[in-house]
Each structure stands twice: as structure tokens, then as C-alpha cells.
Amino acid sequence: MIDHARDLASVREATDRLLTAAAALDNASVAAPSRLPGWSRGHVLAHLARNADALVNVLAGRPMYASAETRDADIDRDAPRPLEAQLADVRDSAARFQAEGERPADWSRTVELRNGVTDAAARVPFRRLVEVELHHVDLGIGYELEDLSEDFVRRETDFLTDRFVGHKDLPSIALNDDKGRTWATGGGAEGDPVQVDGRAADLVGWLAGRRDGAALKTTGGALPALPPL
């Protein structure tokens with residue numbers, strides 16, 4: 001069962017952790033490249049702030065973004081700001097998200113995200129947690145996939161493998177991590193089944209597009225190329 005209140009608390013903790021780490025940067029390092037192609041650290045921080053406001057819209061029953069073009073333009077607009085402005089924006093937008101999440105609401109209701117994707121309102125806090133945790137890694141400032149909690153890695157692996165179930169471009173894939181956990185995904189494309197084994201951090205990194213899968217062991221065929229998230 002999804003515990004949205006627990007996830008909201010985890011979002012607060014993860015945000016505080018990110019803000020503390022990012023406060024050690026300076027303006028030059030904020031303008032430097034992040035681990036995401038084409039994005040500076042400023043882009044990552046700007047995206048985190050605008051995503052918090054977008055998820056407030058989702059919980060309030062408004063469109064997540066006015067448009068894809070507006071989303072991208074807002075990130076590009078905010079990316080060049082100095083560190084102090086970036087931190088204040090992430091902090092203030094996070095507070096708005098927490099306030100919206102603490103309002104009395106029907107958490108079983110269905111909400112709409114981008115591109116017509118729908119989900120239970122109760123899953124929105126975990127979606128925000130994914131944004132904060134993975135983009136903290138993307139900043140490239142000492143926080144790695146190995147630093148993520150075991151519970152988070154399991155849940156994110158559950159989410160991503162479920163997302164790829166039946167995908168038309170993926171054969172059947174069996175995944176096994178070093179904790180003895182197993183998942184099945186893919187299955188929408190012809191081809192022999194593939195087994196993928198590796199450490200939990202390497203598996204979630206591959207599924208989330210943060211690692212190329214070179215550390216994973218495959219049986220039955222080559223490591224499949226995952227479609228964009």
C-alpha cells in the first residue's frame with residue numbers, strides 16, 4: 001500500500017539533503033555541466049524547482065505544464081541564475097509542494113501528469129522523491145546511486161520494470177539483483193529472453209538511464225537498448 005504521508009516526509013528529507021550539498025557549490029560550479037547531456041547544474045536545479053510547482057498543479061487538478069515548450073523555456077530561463085537564487089527557488093518551490101501535499105484530500109483519486117499519463121494521487125509524492133533523488137545524483141557533487149536507500153532503489157526498480165512491461169521494442173527480460181530480488185519486464189518484441197544480473201545500484205541506474213549497463217551480466221543475448229523514459 002502506498003503511504004503518501006511517509007513519502008512526503010522522505011521528499012522533505014531528500015530535498016534538505018540536496019540543498020545542503022548544493023550549498024557548498026559556487027556560481028561557477030552551478031554553471032558547469034551536470035551529468036545530464038546538454039544540461040548545466042543550473043538546468044538541473046531549475047528543473048527541480050519547476051517540477052515541484054508542476055506537481056502542485058497536478059495535485060490541485062490543473063495541467064502539469066502549460067505546454068512542453070513552456071516547460072523547456074522555463075528551465076532554460078532559470079538555469080543561468082546564481083547559486084543563491086537557485087537554492088532559494090528549490091527551497092521555496094519544495095515548500096509549496098509540501099503545503100499542497102498536506103492539504104486534506106482524496107488520495108485515492110486519479111490525477112493527470114504529462115502526455116496524458118494518469119496515476120493515483122497517492123503516488124505523486126514518490127514521483128517527486130524520484131525527481132529529487134535521481135537529480136541529486138545528476139548534479140555530480142558526490143551523491144551516487146549507491147547512496148540511495150535500499151527501499152527507494154527497490155521501489156524505483158519496481159516502477160521502471162513495470163513501465164517497460166510489454167514494450168514493443170523489448171524482448172522478455174528477467175532481472176536479478178545482489179539482494180536476491182527478481183523482476184520481469186519487456187516481452188513485447190520477438191527474440192530470446194534475456195537475463196540481466198547485477199548490483200541493485202547498477203540495475204536501477206541502467207533502467208533509469210543513468211548508467212550504460214556495462215557493469216551488468218547478461219545471459220541469453222546482448223543487453224537490450226531501453227527506450228527513452
# chains A, B, ... in the order shown; residues from 1 in each chain; ligands from 1
$ residues_around --residues "Val137 of chain A" --least-positions-apart "2" --cutoff "10 Å" --atoms "only C-alpha atoms" --output "list in words"
Leu18, Ser34, Arg35, Leu36, Val132, Glu133, Leu134, His135, Leu139, Gly140, Ile141, Gly142, Tyr143, Glu144, Leu145, Glu146, Asp147, Leu148 and Arg210 of chain A
$ residues_around --residues "Thr157 of chain A" --least-positions-apart "3" --cutoff "10 Å" --atoms "only C-alpha atoms" --output "MDAnalysis selection string"
chainID A and resid 151:154 160:163 175 182:183 200:201 203:208
$ residues_around --residues "Glu100 of chain A" --least-positions-apart "2" --cutoff "12 Å" --atoms "only C-alpha atoms" --output "list of chain:residue names"
A:Ala5, A:Leu8, A:Ala52, A:Asp53, A:Ala54, A:Leu55, A:Val56, A:Asn57, A:Val58, A:Leu59, A:Ala60, A:Gly61, A:Ser93, A:Ala94, A:Ala95, A:Arg96, A:Phe97, A:Gln98, A:Glu102, A:Arg103, A:Pro104, A:Ala105, A:Ala121, A:Val124, A:Pro125
$ residues_around --residues "Pro224 of chain A" --least-positions-apart "2" --cutoff "8 Å" --atoms "only C-alpha atoms" --output "list in words"
Leu170, Pro171, Ala222 and Leu226 of chain A
$ write_last_selection --atoms "C-alpha atoms" --output "tab-separated table (two decimals), in the first residue's frame"
chain	number	residue	atom	x	y	z
A	170	LEU	CA	11.90	-5.09	-25.72
A	171	PRO	CA	12.16	-8.87	-25.52
A	222	ALA	CA	23.05	-8.78	-25.54
A	226	LEU	CA	15.99	0.60	-23.35
$ atom_distance --atom1 "atom CA of His136 of chain A" --atom2 "atom CA of Ala23 of chain A"
12.5 Å
$ select_by_dssp --residues "segment 61-168 of chain A" --states "helix (DSSP H, G or I)" --output "PyMOL selection string"
chain A and resi 68-78+83-101+114-116+121-138+145-147+150-164
$ select_by_dssp --residues "segment 117-219 of chain A" --states "strand (DSSP E)" --output "PyMOL selection string"
chain A and resi 118-120+173-177+182-185+194-198+217-219
$ write_last_selection --atoms "N, CA, C and O atoms" --output "tab-separated table (two decimals), in the first residue's frame"
chain	number	residue	atom	x	y	z
A	118	THR	N	-1.73	9.09	-16.44
A	118	THR	CA	-2.52	9.23	-15.22
A	118	THR	C	-1.96	8.32	-14.13
A	118	THR	O	-1.28	7.34	-14.40
A	119	ASP	N	-2.26	8.67	-12.89
A	119	ASP	CA	-1.79	7.88	-11.76
A	119	ASP	C	-2.65	8.22	-10.56
A	119	ASP	O	-3.40	9.21	-10.57
A	120	ALA	N	-2.53	7.41	-9.52
A	120	ALA	CA	-3.21	7.73	-8.27
A	120	ALA	C	-2.51	8.92	-7.62
A	120	ALA	O	-1.28	9.04	-7.65
A	173	ILE	N	12.65	-9.82	-20.43
A	173	ILE	CA	13.86	-9.59	-19.66
A	173	ILE	C	13.61	-9.99	-18.21
A	173	ILE	O	12.64	-9.56	-17.59
A	174	ALA	N	14.51	-10.83	-17.69
A	174	ALA	CA	14.48	-11.19	-16.27
A	174	ALA	C	15.64	-10.49	-15.58
A	174	ALA	O	16.79	-10.59	-16.05
A	175	LEU	N	15.36	-9.78	-14.52
A	175	LEU	CA	16.40	-9.05	-13.80
A	175	LEU	C	16.58	-9.63	-12.41
A	175	LEU	O	15.59	-9.96	-11.73
A	176	ASN	N	17.82	-9.74	-11.99
A	176	ASN	CA	18.15	-10.26	-10.67
A	176	ASN	C	19.21	-9.36	-10.04
A	176	ASN	O	20.24	-9.07	-10.67
A	177	ASP	N	18.96	-8.91	-8.80
A	177	ASP	CA	19.96	-8.07	-8.16
A	177	ASP	C	20.73	-8.85	-7.09
A	177	ASP	O	20.47	-10.03	-6.85
A	182	THR	N	14.01	-10.29	-7.74
A	182	THR	CA	13.84	-10.56	-9.17
A	182	THR	C	12.70	-9.74	-9.73
A	182	THR	O	11.74	-9.41	-9.03
A	183	TRP	N	12.82	-9.41	-11.00
A	183	TRP	CA	11.78	-8.68	-11.72
A	183	TRP	C	11.68	-9.24	-13.13
A	183	TRP	O	12.64	-9.83	-13.65
A	184	ALA	N	10.53	-9.05	-13.76
A	184	ALA	CA	10.34	-9.42	-15.17
A	184	ALA	C	9.77	-8.21	-15.89
A	184	ALA	O	8.86	-7.53	-15.38
A	185	THR	N	10.28	-7.92	-17.07
A	185	THR	CA	9.81	-6.78	-17.83
A	185	THR	C	9.94	-7.06	-19.31
A	185	THR	O	10.36	-8.15	-19.72
A	194	VAL	N	16.16	-12.59	-22.23
A	194	VAL	CA	17.47	-12.17	-21.74
A	194	VAL	C	17.41	-12.07	-20.23
A	194	VAL	O	16.45	-11.54	-19.67
A	195	GLN	N	18.45	-12.60	-19.59
A	195	GLN	CA	18.57	-12.46	-18.14
A	195	GLN	C	19.65	-11.43	-17.85
A	195	GLN	O	20.73	-11.47	-18.44
A	196	VAL	N	19.35	-10.52	-16.93
A	196	VAL	CA	20.29	-9.45	-16.57
A	196	VAL	C	20.53	-9.52	-15.07
A	196	VAL	O	19.58	-9.48	-14.28
A	197	ASP	N	21.80	-9.65	-14.69
A	197	ASP	CA	22.17	-9.77	-13.29
A	197	ASP	C	23.14	-8.65	-12.92
A	197	ASP	O	24.02	-8.28	-13.71
A	198	GLY	N	23.00	-8.13	-11.71
A	198	GLY	CA	23.94	-7.10	-11.26
A	198	GLY	C	23.58	-6.52	-9.92
A	198	GLY	O	22.56	-6.89	-9.30
A	217	LYS	N	25.72	-8.25	-16.00
A	217	LYS	CA	25.98	-9.51	-16.70
A	217	LYS	C	24.71	-9.97	-17.40
A	217	LYS	O	23.63	-9.97	-16.80
A	218	THR	N	24.82	-10.32	-18.67
A	218	THR	CA	23.64	-10.78	-19.42
A	218	THR	C	23.82	-12.22	-19.85
A	218	THR	O	24.92	-12.67	-20.14
A	219	THR	N	22.70	-12.92	-19.89
A	219	THR	CA	22.65	-14.32	-20.35
A	219	THR	C	21.52	-14.44	-21.35
A	219	THR	O	20.41	-13.94	-21.13
$ residues_around --residues "Asp16 of chain A" --least-positions-apart "3" --cutoff "12 Å" --atoms "only C-alpha atoms" --output "tab-separated table (two decimals) with N, CA, C and O atoms, in the first residue's frame"
chain	number	residue	atom	x	y	z
A	9	ALA	N	7.32	12.87	3.76
A	9	ALA	CA	8.41	13.06	4.71
A	9	ALA	C	9.75	12.72	4.07
A	9	ALA	O	10.75	13.42	4.29
A	10	SER	N	9.77	11.68	3.25
A	10	SER	CA	11.01	11.31	2.56
A	10	SER	C	11.42	12.38	1.56
A	10	SER	O	12.61	12.65	1.38
A	11	VAL	N	10.44	13.00	0.89
A	11	VAL	CA	10.74	14.09	-0.04
A	11	VAL	C	11.38	15.25	0.71
A	11	VAL	O	12.37	15.84	0.24
A	12	ARG	N	10.85	15.58	1.87
A	12	ARG	CA	11.42	16.68	2.66
A	12	ARG	C	12.87	16.37	3.04
A	12	ARG	O	13.76	17.22	2.91
A	13	GLU	N	13.11	15.16	3.49
A	13	GLU	CA	14.47	14.77	3.89
A	13	GLU	C	15.42	14.80	2.69
A	13	GLU	O	16.56	15.28	2.80
A	19	LEU	N	19.80	20.26	-0.84
A	19	LEU	CA	20.09	21.67	-0.61
A	19	LEU	C	21.38	21.86	0.20
A	19	LEU	O	22.17	22.77	-0.09
A	20	THR	N	21.59	21.01	1.18
A	20	THR	CA	22.82	21.10	1.98
A	20	THR	C	24.04	20.83	1.11
A	20	THR	O	25.04	21.55	1.20
A	21	ALA	N	23.95	19.82	0.26
A	21	ALA	CA	25.08	19.51	-0.61
A	21	ALA	C	25.31	20.60	-1.65
A	21	ALA	O	26.44	21.02	-1.90
A	22	ALA	N	24.23	21.11	-2.24
A	22	ALA	CA	24.36	22.13	-3.29
A	22	ALA	C	24.85	23.46	-2.72
A	22	ALA	O	25.46	24.26	-3.44
A	23	ALA	N	24.63	23.72	-1.44
A	23	ALA	CA	25.07	24.97	-0.83
A	23	ALA	C	26.59	25.10	-0.81
A	23	ALA	O	27.12	26.21	-0.65
A	87	LEU	N	19.12	28.04	-5.07
A	87	LEU	CA	18.78	27.37	-3.81
A	87	LEU	C	17.47	27.89	-3.24
A	87	LEU	O	16.64	27.11	-2.76
A	90	VAL	N	14.57	26.35	-5.30
A	90	VAL	CA	14.34	24.94	-4.96
A	90	VAL	C	13.68	24.83	-3.58
A	90	VAL	O	12.72	24.07	-3.40
A	91	ARG	N	14.17	25.62	-2.63
A	91	ARG	CA	13.63	25.57	-1.27
A	91	ARG	C	12.17	26.04	-1.24
A	91	ARG	O	11.30	25.39	-0.65
A	92	ASP	N	11.89	27.17	-1.89
A	92	ASP	CA	10.54	27.73	-1.84
A	92	ASP	C	9.53	26.88	-2.60
A	92	ASP	O	8.40	26.69	-2.16
A	94	ALA	N	9.80	23.69	-3.11
A	94	ALA	CA	9.61	22.47	-2.31
A	94	ALA	C	8.62	22.71	-1.18
A	94	ALA	O	7.79	21.84	-0.87
A	95	ALA	N	8.68	23.89	-0.56
A	95	ALA	CA	7.73	24.22	0.50
A	95	ALA	C	6.31	24.30	-0.05
A	95	ALA	O	5.35	23.86	0.62
A	129	LEU	N	9.85	12.27	-5.09
A	129	LEU	CA	11.05	11.72	-4.46
A	129	LEU	C	12.03	11.22	-5.51
A	129	LEU	O	13.24	11.42	-5.39
A	132	VAL	N	13.87	14.22	-7.00
A	132	VAL	CA	14.87	14.80	-6.10
A	132	VAL	C	16.09	13.89	-5.98
A	132	VAL	O	17.24	14.34	-6.09
A	133	GLU	N	15.86	12.60	-5.76
A	133	GLU	CA	16.98	11.69	-5.52
A	133	GLU	C	17.83	11.50	-6.78
A	133	GLU	O	19.07	11.58	-6.72
A	136	HIS	N	19.68	14.67	-7.75
A	136	HIS	CA	20.82	14.89	-6.84
A	136	HIS	C	22.04	14.14	-7.38
A	136	HIS	O	23.14	14.69	-7.44
$ atom_distance --atom1 "atom CA of Leu229 of chain A" --atom2 "atom CA of Asn115 of chain A"
12.2 Å
$ atom_distance --atom1 "atom CA of Leu25 of chain A" --atom2 "atom CA of Leu45 of chain A"
12.1 Å
$ closest_residue --among "A:Ala24, A:Leu113, A:Val130, A:Ala215" --to "Ala68 of chain A" --atoms "only C-alpha atoms"
A:Leu113
$ decode --residues "segment 142-154 of chain A" --atoms "N, CA, C and O atoms" --output "mmCIF file, in the first residue's frame"
data_model
loop_
_atom_site.group_PDB
_atom_site.id
_atom_site.type_symbol
_atom_site.label_atom_id
_atom_site.label_comp_id
_atom_site.auth_asym_id
_atom_site.auth_seq_id
_atom_site.Cartn_x
_atom_site.Cartn_y
_atom_site.Cartn_z
ATOM 1 N N GLY A 142 28.957 14.290 -5.566
ATOM 2 C CA GLY A 142 29.325 13.346 -4.514
ATOM 3 C C GLY A 142 28.225 12.427 -4.036
ATOM 4 O O GLY A 142 28.472 11.560 -3.187
ATOM 5 N N TYR A 143 27.024 12.583 -4.542
ATOM 6 C CA TYR A 143 25.899 11.719 -4.176
ATOM 7 C C TYR A 143 25.699 10.744 -5.320
ATOM 8 O O TYR A 143 25.471 11.156 -6.464
ATOM 9 N N GLU A 144 25.790 9.443 -5.023
ATOM 10 C CA GLU A 144 25.775 8.428 -6.062
ATOM 11 C C GLU A 144 24.587 7.490 -5.900
ATOM 12 O O GLU A 144 23.919 7.477 -4.862
ATOM 13 N N LEU A 145 24.354 6.680 -6.909
ATOM 14 C CA LEU A 145 23.269 5.704 -6.844
ATOM 15 C C LEU A 145 23.450 4.769 -5.653
ATOM 16 O O LEU A 145 22.472 4.308 -5.062
ATOM 17 N N GLU A 146 24.693 4.490 -5.304
ATOM 18 C CA GLU A 146 24.968 3.620 -4.159
ATOM 19 C C GLU A 146 24.547 4.256 -2.835
ATOM 20 O O GLU A 146 24.423 3.554 -1.818
ATOM 21 N N ASP A 147 24.345 5.572 -2.815
ATOM 22 C CA ASP A 147 23.927 6.258 -1.595
ATOM 23 C C ASP A 147 22.412 6.250 -1.394
ATOM 24 O O ASP A 147 21.928 6.618 -0.319
ATOM 25 N N LEU A 148 21.673 5.843 -2.415
ATOM 26 C CA LEU A 148 20.213 5.786 -2.306
ATOM 27 C C LEU A 148 19.804 4.682 -1.345
ATOM 28 O O LEU A 148 20.452 3.641 -1.260
ATOM 29 N N SER A 149 18.713 4.889 -0.636
ATOM 30 C CA SER A 149 18.258 3.877 0.317
ATOM 31 C C SER A 149 17.825 2.615 -0.405
ATOM 32 O O SER A 149 17.377 2.653 -1.561
ATOM 33 N N GLU A 150 17.938 1.504 0.271
ATOM 34 C CA GLU A 150 17.545 0.221 -0.320
ATOM 35 C C GLU A 150 16.061 0.221 -0.663
ATOM 36 O O GLU A 150 15.653 -0.313 -1.709
ATOM 37 N N ASP A 151 15.246 0.825 0.205
ATOM 38 C CA ASP A 151 13.811 0.883 -0.062
ATOM 39 C C ASP A 151 13.529 1.687 -1.320
ATOM 40 O O ASP A 151 12.709 1.282 -2.155
ATOM 41 N N PHE A 152 14.205 2.825 -1.475
ATOM 42 C CA PHE A 152 13.998 3.640 -2.670
ATOM 43 C C PHE A 152 14.413 2.885 -3.925
ATOM 44 O O PHE A 152 13.678 2.888 -4.933
ATOM 45 N N VAL A 153 15.567 2.251 -3.902
ATOM 46 C CA VAL A 153 16.049 1.522 -5.082
ATOM 47 C C VAL A 153 15.076 0.411 -5.460
ATOM 48 O O VAL A 153 14.764 0.223 -6.641
ATOM 49 N N ARG A 154 14.562 -0.310 -4.475
ATOM 50 C CA ARG A 154 13.597 -1.376 -4.766
ATOM 51 C C ARG A 154 12.344 -0.805 -5.399
ATOM 52 O O ARG A 154 11.865 -1.314 -6.421
#
